[in-house]
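Here's query-v7.cif, which has mmCIF, C-alpha atoms and all ligand atoms; chains and numbers go by the auth columns:
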```cif
data_upload
loop_
_atom_site.group_PDB
_atom_site.id
_atom_site.type_symbol
_atom_site.label_atom_id
_atom_site.label_comp_id
_atom_site.label_asym_id
_atom_site.label_seq_id
_atom_site.Cartn_x
_atom_site.Cartn_y
_atom_site.Cartn_z
_atom_site.B_iso_or_equiv
_atom_site.auth_seq_id
_atom_site.auth_asym_id
ATOM 1 C CA VAL A 1 56.974 -61.168 -70.591 0.00 1 O
ATOM 2 C CA SER A 2 53.230 -61.596 -70.076 0.00 2 O
ATOM 3 C CA VAL A 3 52.423 -57.891 -70.321 0.00 3 O
ATOM 4 C CA SER A 4 54.296 -57.364 -73.581 0.00 4 O
ATOM 5 C CA VAL A 5 52.870 -60.585 -75.032 0.00 5 O
ATOM 6 C CA THR A 6 49.276 -59.615 -74.353 0.00 6 O
ATOM 7 C CA THR A 7 49.854 -56.044 -75.525 0.00 7 O
ATOM 8 C CA ALA A 8 51.280 -57.376 -78.790 0.00 8 O
ATOM 9 C CA LEU A 9 48.315 -59.716 -79.152 0.00 9 O
ATOM 10 C CA ARG A 10 45.768 -56.952 -78.553 0.00 10 O
ATOM 11 C CA GLN A 11 47.444 -54.895 -81.273 0.00 11 O
ATOM 12 C CA ALA A 12 47.532 -57.870 -83.639 0.00 12 O
ATOM 13 C CA TYR A 13 43.804 -58.532 -83.070 0.00 13 O
ATOM 14 C CA GLU A 14 43.029 -54.890 -83.771 0.00 14 O
ATOM 15 C CA SER A 15 44.716 -54.862 -87.157 0.00 15 O
ATOM 16 C CA VAL A 16 43.759 -58.415 -88.204 0.00 16 O
ATOM 17 C CA ASP A 17 40.105 -57.869 -87.166 0.00 17 O
ATOM 18 C CA ALA A 18 39.944 -54.863 -89.496 0.00 18 O
ATOM 19 C CA ALA A 19 41.760 -56.639 -92.358 0.00 19 O
ATOM 20 C CA PHE A 20 39.561 -59.726 -91.917 0.00 20 O
ATOM 21 C CA ALA A 21 36.352 -57.657 -92.045 0.00 21 O
ATOM 22 C CA SER A 22 37.425 -55.923 -95.263 0.00 22 O
ATOM 23 C CA HIS A 23 38.508 -59.241 -96.757 0.00 23 O
ATOM 24 C CA LEU A 24 35.000 -60.628 -96.236 0.00 24 O
ATOM 25 C CA VAL A 25 33.496 -57.544 -97.885 0.00 25 O
ATOM 26 C CA ASN A 26 35.938 -57.839 -100.798 0.00 26 O
ATOM 27 C CA ILE A 27 35.055 -61.463 -101.469 0.00 27 O
ATOM 28 C CA GLY A 28 31.341 -60.670 -101.071 0.00 28 O
ATOM 29 C CA MET A 29 30.729 -63.017 -98.124 0.00 29 O
ATOM 30 C CA LYS A 30 28.325 -61.944 -95.400 0.00 30 O
ATOM 31 C CA PRO A 31 28.659 -63.746 -92.064 0.00 31 O
ATOM 32 C CA SER A 32 25.465 -65.222 -90.644 0.00 32 O
ATOM 33 C CA CYS A 33 26.790 -65.065 -87.052 0.00 33 O
ATOM 34 C CA SER A 34 24.870 -62.878 -84.614 0.00 34 O
ATOM 35 C CA VAL A 35 24.745 -62.001 -80.914 0.00 35 O
ATOM 36 C CA GLY A 36 23.588 -64.959 -78.831 0.00 36 O
ATOM 37 C CA CYS A 37 24.229 -67.683 -81.410 0.00 37 O
ATOM 38 C CA SER A 38 26.820 -69.821 -79.729 0.00 38 O
ATOM 39 C CA ALA A 39 26.785 -73.264 -81.321 0.00 39 O
ATOM 40 C CA CYS A 40 30.467 -72.867 -82.199 0.00 40 O
ATOM 41 C CA CYS A 41 31.249 -72.520 -78.474 0.00 41 O
ATOM 42 C CA GLU A 42 31.143 -76.327 -78.351 0.00 42 O
ATOM 43 C CA GLN A 43 34.213 -76.584 -80.589 0.00 43 O
ATOM 44 C CA LEU A 44 37.613 -77.703 -79.347 0.00 44 O
ATOM 45 C CA ALA A 45 39.153 -74.208 -79.292 0.00 45 O
ATOM 46 C CA LEU A 46 42.913 -74.713 -79.602 0.00 46 O
ATOM 47 C CA VAL A 47 44.964 -71.776 -78.371 0.00 47 O
ATOM 48 C CA THR A 48 48.534 -70.628 -77.811 0.00 48 O
ATOM 49 C CA TRP A 49 49.997 -69.240 -74.614 0.00 49 O
ATOM 50 C CA PRO A 50 49.586 -65.514 -75.480 0.00 50 O
ATOM 51 C CA GLU A 51 45.899 -66.111 -76.232 0.00 51 O
ATOM 52 C CA ALA A 52 45.376 -67.918 -72.914 0.00 52 O
ATOM 53 C CA MET A 53 47.209 -65.122 -71.096 0.00 53 O
ATOM 54 C CA LEU A 54 44.962 -62.475 -72.642 0.00 54 O
ATOM 55 C CA VAL A 55 41.812 -64.379 -71.638 0.00 55 O
ATOM 56 C CA ALA A 56 43.209 -64.882 -68.112 0.00 56 O
ATOM 57 C CA GLU A 57 43.908 -61.152 -67.812 0.00 57 O
ATOM 58 C CA ALA A 58 40.400 -60.346 -69.043 0.00 58 O
ATOM 59 C CA MET A 59 38.974 -62.643 -66.364 0.00 59 O
ATOM 60 C CA LEU A 60 41.028 -60.939 -63.677 0.00 60 O
ATOM 61 C CA ALA A 61 39.882 -57.538 -64.924 0.00 61 O
ATOM 62 C CA ARG A 62 36.174 -58.433 -64.942 0.00 62 O
ATOM 63 C CA GLY A 63 36.265 -60.602 -61.802 0.00 63 O
ATOM 64 C CA PHE A 64 35.101 -64.201 -61.390 0.00 64 O
ATOM 65 C CA PHE A 65 33.746 -66.673 -58.867 0.00 65 O
ATOM 66 C CA ASP A 66 35.344 -69.893 -57.656 0.00 66 O
ATOM 67 C CA THR A 67 32.490 -71.752 -59.352 0.00 67 O
ATOM 68 C CA GLU A 68 33.641 -70.402 -62.719 0.00 68 O
ATOM 69 C CA ILE A 69 37.208 -71.563 -62.069 0.00 69 O
ATOM 70 C CA ALA A 70 35.856 -74.970 -61.038 0.00 70 O
ATOM 71 C CA ALA A 71 33.824 -75.183 -64.286 0.00 71 O
ATOM 72 C CA ILE A 72 36.883 -74.280 -66.391 0.00 72 O
ATOM 73 C CA ALA A 73 38.997 -76.856 -64.529 0.00 73 O
ATOM 74 C CA ALA A 74 36.324 -79.524 -65.072 0.00 74 O
ATOM 75 C CA GLN A 75 36.226 -78.682 -68.771 0.00 75 O
ATOM 76 C CA ALA A 76 40.036 -78.865 -68.879 0.00 76 O
ATOM 77 C CA GLU A 77 40.022 -82.308 -67.274 0.00 77 O
ATOM 78 C CA ALA A 78 37.449 -83.391 -69.851 0.00 78 O
ATOM 79 C CA CYS A 79 40.053 -82.677 -72.566 0.00 79 O
ATOM 80 C CA PHE A 80 42.265 -85.555 -71.389 0.00 80 O
ATOM 81 C CA TYR A 81 40.443 -88.522 -72.924 0.00 81 O
ATOM 82 C CA GLU A 82 41.922 -91.082 -75.283 0.00 82 O
ATOM 83 C CA GLY A 83 41.180 -90.218 -78.902 0.00 83 O
ATOM 84 C CA ILE A 84 40.423 -86.525 -78.411 0.00 84 O
ATOM 85 C CA ASP A 85 40.308 -84.532 -81.639 0.00 85 O
ATOM 86 C CA PRO A 86 38.060 -81.697 -82.861 0.00 86 O
ATOM 87 C CA GLY A 87 35.535 -84.167 -84.320 0.00 87 O
ATOM 88 C CA SER A 88 35.053 -86.386 -81.264 0.00 88 O
ATOM 89 C CA TYR A 89 35.082 -83.344 -78.957 0.00 89 O
ATOM 90 C CA TRP A 90 32.343 -81.682 -81.020 0.00 90 O
ATOM 91 C CA ASP A 91 30.247 -84.838 -80.737 0.00 91 O
ATOM 92 C CA ARG A 92 30.430 -84.576 -76.935 0.00 92 O
ATOM 93 C CA ARG A 93 28.656 -81.192 -76.982 0.00 93 O
ATOM 94 C CA VAL A 94 30.742 -79.587 -74.252 0.00 94 O
ATOM 95 C CA ARG A 95 29.677 -75.987 -73.789 0.00 95 O
ATOM 96 C CA CYS A 96 32.565 -73.538 -73.164 0.00 96 O
ATOM 97 C CA ALA A 97 32.737 -72.609 -69.474 0.00 97 O
ATOM 98 C CA LEU A 98 33.217 -68.951 -70.473 0.00 98 O
ATOM 99 C CA LEU A 99 29.784 -68.748 -72.072 0.00 99 O
ATOM 100 C CA THR A 100 27.166 -66.926 -69.986 0.00 100 O
ATOM 101 C CA ASP A 101 23.611 -68.118 -69.331 0.00 101 O
ATOM 102 C CA GLU A 102 22.546 -65.639 -72.033 0.00 102 O
ATOM 103 C CA ASN A 103 24.835 -67.386 -74.558 0.00 103 O
ATOM 104 C CA ARG A 104 27.343 -64.558 -74.634 0.00 104 O
ATOM 105 C CA CYS A 105 31.106 -64.859 -74.459 0.00 105 O
ATOM 106 C CA SER A 106 32.165 -63.468 -71.073 0.00 106 O
ATOM 107 C CA VAL A 107 35.620 -62.557 -72.443 0.00 107 O
ATOM 108 C CA TYR A 108 34.419 -61.408 -75.871 0.00 108 O
ATOM 109 C CA GLU A 109 37.043 -58.685 -76.461 0.00 109 O
ATOM 110 C CA ALA A 110 39.806 -61.123 -75.501 0.00 110 O
ATOM 111 C CA ARG A 111 38.395 -64.270 -77.155 0.00 111 O
ATOM 112 C CA PRO A 112 41.045 -66.381 -78.864 0.00 112 O
ATOM 113 C CA ALA A 113 41.658 -66.496 -82.606 0.00 113 O
ATOM 114 C CA ALA A 114 39.924 -69.903 -83.000 0.00 114 O
ATOM 115 C CA CYS A 115 36.692 -68.236 -81.830 0.00 115 O
ATOM 116 C CA ARG A 116 37.338 -64.759 -83.179 0.00 116 O
ATOM 117 C CA TYR A 117 37.791 -65.802 -86.789 0.00 117 O
ATOM 118 C CA HIS A 118 35.347 -68.710 -86.799 0.00 118 O
ATOM 119 C CA VAL A 119 32.737 -67.234 -89.110 0.00 119 O
ATOM 120 C CA ALA A 120 29.868 -69.079 -90.810 0.00 120 O
ATOM 121 C CA PHE A 121 28.065 -68.097 -94.000 0.00 121 O
ATOM 122 C CA THR A 122 25.304 -70.674 -93.923 0.00 122 O
ATOM 123 C CA PRO A 123 22.253 -69.941 -91.704 0.00 123 O
ATOM 124 C CA ALA A 124 23.181 -69.837 -88.008 0.00 124 O
ATOM 125 C CA ALA A 125 20.659 -72.565 -87.184 0.00 125 O
ATOM 126 C CA MET A 126 22.750 -74.962 -89.280 0.00 126 O
ATOM 127 C CA CYS A 127 25.765 -74.548 -86.968 0.00 127 O
ATOM 128 C CA SER A 128 24.281 -76.556 -84.109 0.00 128 O
ATOM 129 C CA SER A 129 25.579 -80.079 -83.688 0.00 129 O
ATOM 130 C CA ARG A 130 21.890 -80.979 -83.361 0.00 130 O
ATOM 131 C CA ALA A 131 20.926 -79.500 -86.770 0.00 131 O
ATOM 132 C CA PRO A 132 19.637 -82.192 -89.136 0.00 132 O
ATOM 133 C CA GLY A 133 21.704 -82.520 -92.316 0.00 133 O
ATOM 134 C CA ARG A 134 24.317 -80.180 -90.886 0.00 134 O
ATOM 135 C CA ASN A 135 26.576 -78.786 -93.627 0.00 135 O
ATOM 136 C CA THR A 136 28.020 -75.380 -92.825 0.00 136 O
ATOM 137 C CA GLN A 137 30.328 -73.134 -94.775 0.00 137 O
ATOM 138 C CA HIS A 138 33.102 -71.418 -92.814 0.00 138 O
ATOM 139 C CA VAL A 139 36.182 -69.321 -93.344 0.00 139 O
ATOM 140 C CA ASP A 140 39.383 -71.346 -93.415 0.00 140 O
ATOM 141 C CA THR A 141 40.789 -69.917 -90.195 0.00 141 O
ATOM 142 C CA GLY A 142 44.327 -71.310 -90.604 0.00 142 O
ATOM 143 C CA PRO A 143 45.815 -68.398 -92.572 0.00 143 O
ATOM 144 C CA VAL A 144 44.186 -65.690 -90.450 0.00 144 O
ATOM 145 C CA ILE A 145 45.319 -67.337 -87.206 0.00 145 O
ATOM 146 C CA GLU A 146 48.818 -67.643 -88.643 0.00 146 O
ATOM 147 C CA ALA A 147 48.808 -63.950 -89.631 0.00 147 O
ATOM 148 C CA THR A 148 47.679 -62.958 -86.130 0.00 148 O
ATOM 149 C CA LEU A 149 49.953 -65.128 -84.040 0.00 149 O
ATOM 150 C CA GLY A 150 52.881 -66.048 -86.300 0.00 150 O
ATOM 151 C CA PRO A 151 55.067 -62.986 -85.613 0.00 151 O
ATOM 152 C CA ILE A 152 54.366 -63.071 -81.845 0.00 152 O
ATOM 153 C CA MET A 153 55.197 -66.773 -81.569 0.00 153 O
ATOM 154 C CA GLU A 154 58.368 -66.317 -83.616 0.00 154 O
ATOM 155 C CA GLU A 155 59.474 -63.532 -81.305 0.00 155 O
ATOM 156 C CA LEU A 156 58.775 -65.688 -78.255 0.00 156 O
ATOM 157 C CA ALA A 157 60.714 -68.592 -79.750 0.00 157 O
ATOM 158 C CA ALA A 158 63.653 -66.307 -80.557 0.00 158 O
ATOM 159 C CA ALA A 159 63.613 -65.118 -76.927 0.00 159 O
ATOM 160 C CA GLY A 160 63.804 -68.771 -75.809 0.00 160 O
ATOM 161 C CA ALA A 161 60.378 -68.796 -74.110 0.00 161 O
ATOM 162 C CA GLU A 162 59.351 -72.425 -73.713 0.00 162 O
ATOM 163 C CA GLN A 163 55.668 -71.460 -73.959 0.00 163 O
ATOM 164 C CA ALA A 164 56.334 -70.522 -77.608 0.00 164 O
ATOM 165 C CA HIS A 165 55.957 -74.213 -78.433 0.00 165 O
ATOM 166 C CA GLU A 166 52.815 -74.888 -76.438 0.00 166 O
ATOM 167 C CA PHE A 167 49.270 -75.089 -77.693 0.00 167 O
ATOM 168 C CA GLY A 168 46.215 -76.865 -76.376 0.00 168 O
ATOM 169 C CA PRO A 169 42.516 -76.625 -75.543 0.00 169 O
ATOM 170 C CA LEU A 170 41.492 -73.243 -74.161 0.00 170 O
ATOM 171 C CA PRO A 171 40.520 -74.493 -70.658 0.00 171 O
ATOM 172 C CA VAL A 172 43.801 -76.427 -70.239 0.00 172 O
ATOM 173 C CA MET A 173 45.888 -73.437 -71.311 0.00 173 O
ATOM 174 C CA LEU A 174 43.741 -71.014 -69.308 0.00 174 O
ATOM 175 C CA ILE A 175 44.109 -72.904 -66.026 0.00 175 O
ATOM 176 C CA ALA A 176 47.905 -72.904 -66.549 0.00 176 O
ATOM 177 C CA ALA A 177 47.944 -69.170 -67.345 0.00 177 O
ATOM 178 C CA LEU A 178 45.857 -68.347 -64.259 0.00 178 O
ATOM 179 C CA ARG A 179 47.969 -70.532 -61.980 0.00 179 O
ATOM 180 C CA ASP A 180 51.514 -70.202 -63.321 0.00 180 O
ATOM 181 C CA GLU A 181 51.501 -66.649 -64.615 0.00 181 O
ATOM 182 C CA LEU A 182 48.936 -64.809 -62.543 0.00 182 O
ATOM 183 C CA GLY A 183 49.113 -66.740 -59.265 0.00 183 O
ATOM 184 C CA VAL A 184 45.383 -67.520 -59.056 0.00 184 O
ATOM 185 C CA PRO A 185 44.718 -70.586 -56.851 0.00 185 O
ATOM 186 C CA VAL A 186 43.165 -73.129 -59.215 0.00 186 O
ATOM 187 C CA PRO A 187 42.552 -76.896 -58.995 0.00 187 O
ATOM 188 C CA ARG A 188 45.497 -79.109 -59.963 0.00 188 O
ATOM 189 C CA ILE A 189 45.105 -80.569 -63.418 0.00 189 O
ATOM 190 C CA PRO A 190 47.718 -81.951 -65.851 0.00 190 O
ATOM 191 C CA SER A 191 49.774 -79.254 -67.591 0.00 191 O
ATOM 192 C CA PRO A 192 49.508 -78.112 -71.229 0.00 192 O
ATOM 193 C CA ARG A 193 52.817 -79.926 -71.803 0.00 193 O
ATOM 194 C CA GLU A 194 51.225 -83.167 -70.659 0.00 194 O
ATOM 195 C CA TRP A 195 48.203 -82.583 -72.867 0.00 195 O
ATOM 196 C CA MET A 196 50.511 -82.002 -75.846 0.00 196 O
ATOM 197 C CA ASN A 197 52.533 -85.128 -75.108 0.00 197 O
ATOM 198 C CA ARG A 198 49.417 -87.268 -74.877 0.00 198 O
ATOM 199 C CA HIS A 199 47.192 -85.765 -77.551 0.00 199 O
ATOM 200 C CA GLY A 200 49.045 -83.078 -79.532 0.00 200 O
ATOM 201 C CA ARG A 201 50.154 -85.254 -82.443 0.00 201 O
ATOM 202 C CA GLN A 202 46.724 -86.755 -83.176 0.00 202 O
ATOM 203 C CA VAL A 203 45.004 -83.359 -82.943 0.00 203 O
ATOM 204 C CA TYR A 204 47.601 -81.845 -85.273 0.00 204 O
ATOM 205 C CA GLU A 205 47.086 -84.667 -87.813 0.00 205 O
ATOM 206 C CA TYR A 206 43.293 -84.226 -87.619 0.00 206 O
ATOM 207 C CA VAL A 207 43.501 -80.473 -88.247 0.00 207 O
ATOM 208 C CA LYS A 208 45.937 -80.954 -91.144 0.00 208 O
ATOM 209 C CA ALA A 209 43.753 -83.602 -92.802 0.00 209 O
ATOM 210 C CA ASP A 210 40.588 -81.547 -92.282 0.00 210 O
ATOM 211 C CA LEU A 211 42.189 -78.522 -93.918 0.00 211 O
ATOM 212 C CA ALA A 212 43.455 -80.539 -96.889 0.00 212 O
ATOM 213 C CA GLU A 213 39.972 -82.035 -97.356 0.00 213 O
ATOM 214 C CA ALA A 214 38.299 -78.598 -97.232 0.00 214 O
ATOM 215 C CA ARG A 215 40.739 -77.257 -99.815 0.00 215 O
ATOM 216 C CA ALA A 216 40.352 -80.250 -102.109 0.00 216 O
ATOM 217 C CA ALA A 217 36.549 -79.970 -101.931 0.00 217 O
ATOM 218 C CA GLY A 218 36.726 -76.214 -102.619 0.00 218 O
ATOM 219 C CA ARG A 219 34.947 -75.424 -99.375 0.00 219 O
ATOM 220 C CA GLU A 220 37.031 -72.298 -98.809 0.00 220 O
ATOM 221 C CA PRO A 221 35.204 -69.034 -99.442 0.00 221 O
HETATM 222 S S1 LIG B . 35.984 -68.193 -75.434 0.00 301 O
HETATM 223 FE FE1 LIG B . 34.047 -67.158 -75.826 0.00 301 O
HETATM 224 S S2 LIG B . 33.727 -67.334 -78.066 0.00 301 O
HETATM 225 FE FE2 LIG B . 35.306 -68.849 -77.481 0.00 301 O
HETATM 226 S S3 LIG B . 34.209 -70.793 -77.148 0.00 301 O
HETATM 227 FE FE3 LIG B . 34.362 -69.734 -75.121 0.00 301 O
HETATM 228 S S4 LIG B . 32.469 -68.521 -74.933 0.00 301 O
HETATM 229 FE FE4 LIG B . 32.672 -69.111 -77.095 0.00 301 O
#
```
Here is a file; write its structure as structure tokens.
Ligand code: SF4
Amino acid sequence: VSVSVTTALRQAYESVDAAFASHLVNIGMKPSCSVGCSACCEQLALVTWPEAMLVAEAMLARGFFDTEIAAIAAQAEACFYEGIDPGSYWDRRVRCALLTDENRCSVYEARPAACRYHVAFTPAAMCSSRAPGRNTQHVDTGPVIEATLGPIMEELAAAGAEQAHEFGPLPVMLIAALRDELGVPVPRIPSPREWMNRHGRQVYEYVKADLAEARAAGREP
């Protein structure tokens, strides 16, 4: 299953990346993101199983050290606190364990949709959680993530794959993908299912409310 899932996801990224780029041109919006700006890599990146699998495969292909696995596991454990949601996580300023010392994504080609389609139009310096008077303008990523992953997740659900109903923070999902699907020895941490049971509902409600607020305020490009 894993091979076909990640192949399907690669293909979906290819076509959605192109459609997304032309959409931005059509609406006259120019992203301010550039190489090395990585403030958004402190966000709570929520991912599905196919996305975690693709990142895990990219890590296997490029190679990694035990210290990197330990950093990802520590970041995963840090996602199990009472009251976690994208807002409180952002306030904690947790840097993604996949970011290099040069502020580059070490799995860039395989980065998940939450990162891939997170595009800002306001000056990059405004994106930092430390920026005074922070008020950034972003793409509403919901529809583009849905377009990318919707058909793949529906196919998985129709095939009865239980992972079709799982989502969670990237490090939590990644540790599970490395351990359960690819057999990499990783530290024991609670499963994505446990994360969902404990925190899934409140994160879902936060994302829904945030989206409704952005739409009501006309903050969509
Ligand atoms: S996966 Fe890559 S782009 Fe996404 S938060 Fe981590 S370093 Fe940043």
Query - All residues 10 Å or closer to Arg193 (chain O), all atoms listed in the file, same chain fewer than 5 positions away omitted, as a PyMOL selection string - result: chain O and resi 163+165-168+172-173+198-200
**Report entry** Within 10 Å of Ala71 (chain O) using all atoms listed in the file, minus same-chain residues under 3 positions, as a PyMOL selection string
**Finding:** chain O and resi 66-68+74-77+96-98+171
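Atom pair CA of Glu57 (chain O) / CA of Val119 (chain O) has a distance of 24.8 Å (rounded to one decimal).
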Per-residue nearest contacts chain O to ligand LIG 301 (chain O), cut-off 7 Å, using all atoms listed in the file, as a tab-separated table:
```
residue	atom	partner	partner_atom	distance
O:Ser38	CA	O:LIG301	FE4	6.5
O:Cys40	CA	O:LIG301	S3	6.6
O:Cys41	CA	O:LIG301	S3	3.7
O:Glu42	CA	O:LIG301	S3	6.4
O:Gln43	CA	O:LIG301	S3	6.7
O:Ala45	CA	O:LIG301	S3	6.4
O:Cys96	CA	O:LIG301	FE3	4.6
O:Ala97	CA	O:LIG301	FE3	6.5
O:Leu98	CA	O:LIG301	S4	4.5
O:Leu99	CA	O:LIG301	S4	3.9
O:Arg104	CA	O:LIG301	S4	6.5
O:Cys105	CA	O:LIG301	S4	3.9
O:Ser106	CA	O:LIG301	FE1	6.3
O:Val107	CA	O:LIG301	FE1	5.9
O:Tyr108	CA	O:LIG301	FE1	5.8
O:Arg111	CA	O:LIG301	S1	4.9
O:Pro112	CA	O:LIG301	S1	6.4
O:Cys115	CA	O:LIG301	FE2	4.6
O:Arg116	CA	O:LIG301	S2	6.8
```
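Restricting the calculation to all atoms listed in the file, the smallest distance between Glu102 (chain O) and any of O:Ala147, O:Leu156, O:Val35, O:Cys79 is found for O:Val35.
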Around region 55-61 of chain O, with edges along x, y and z and 3 Å added on all six sides, what centre and edge lengths do you get, in Å to one decimal, as AutoDock Vina command-line options?
```
--center_x 41.4 --center_y -61.2 --center_z -67.7 --size_x 10.9 --size_y 13.3 --size_z 14.0
```
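Coordinates place CA of Glu181 (chain O) at a distance of 27.9 Å from CA of Thr141 (chain O).
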Query - Length of the CA of Ser4 (chain O) to CA of Val139 (chain O) vector [Å] - result: 29.4 Å
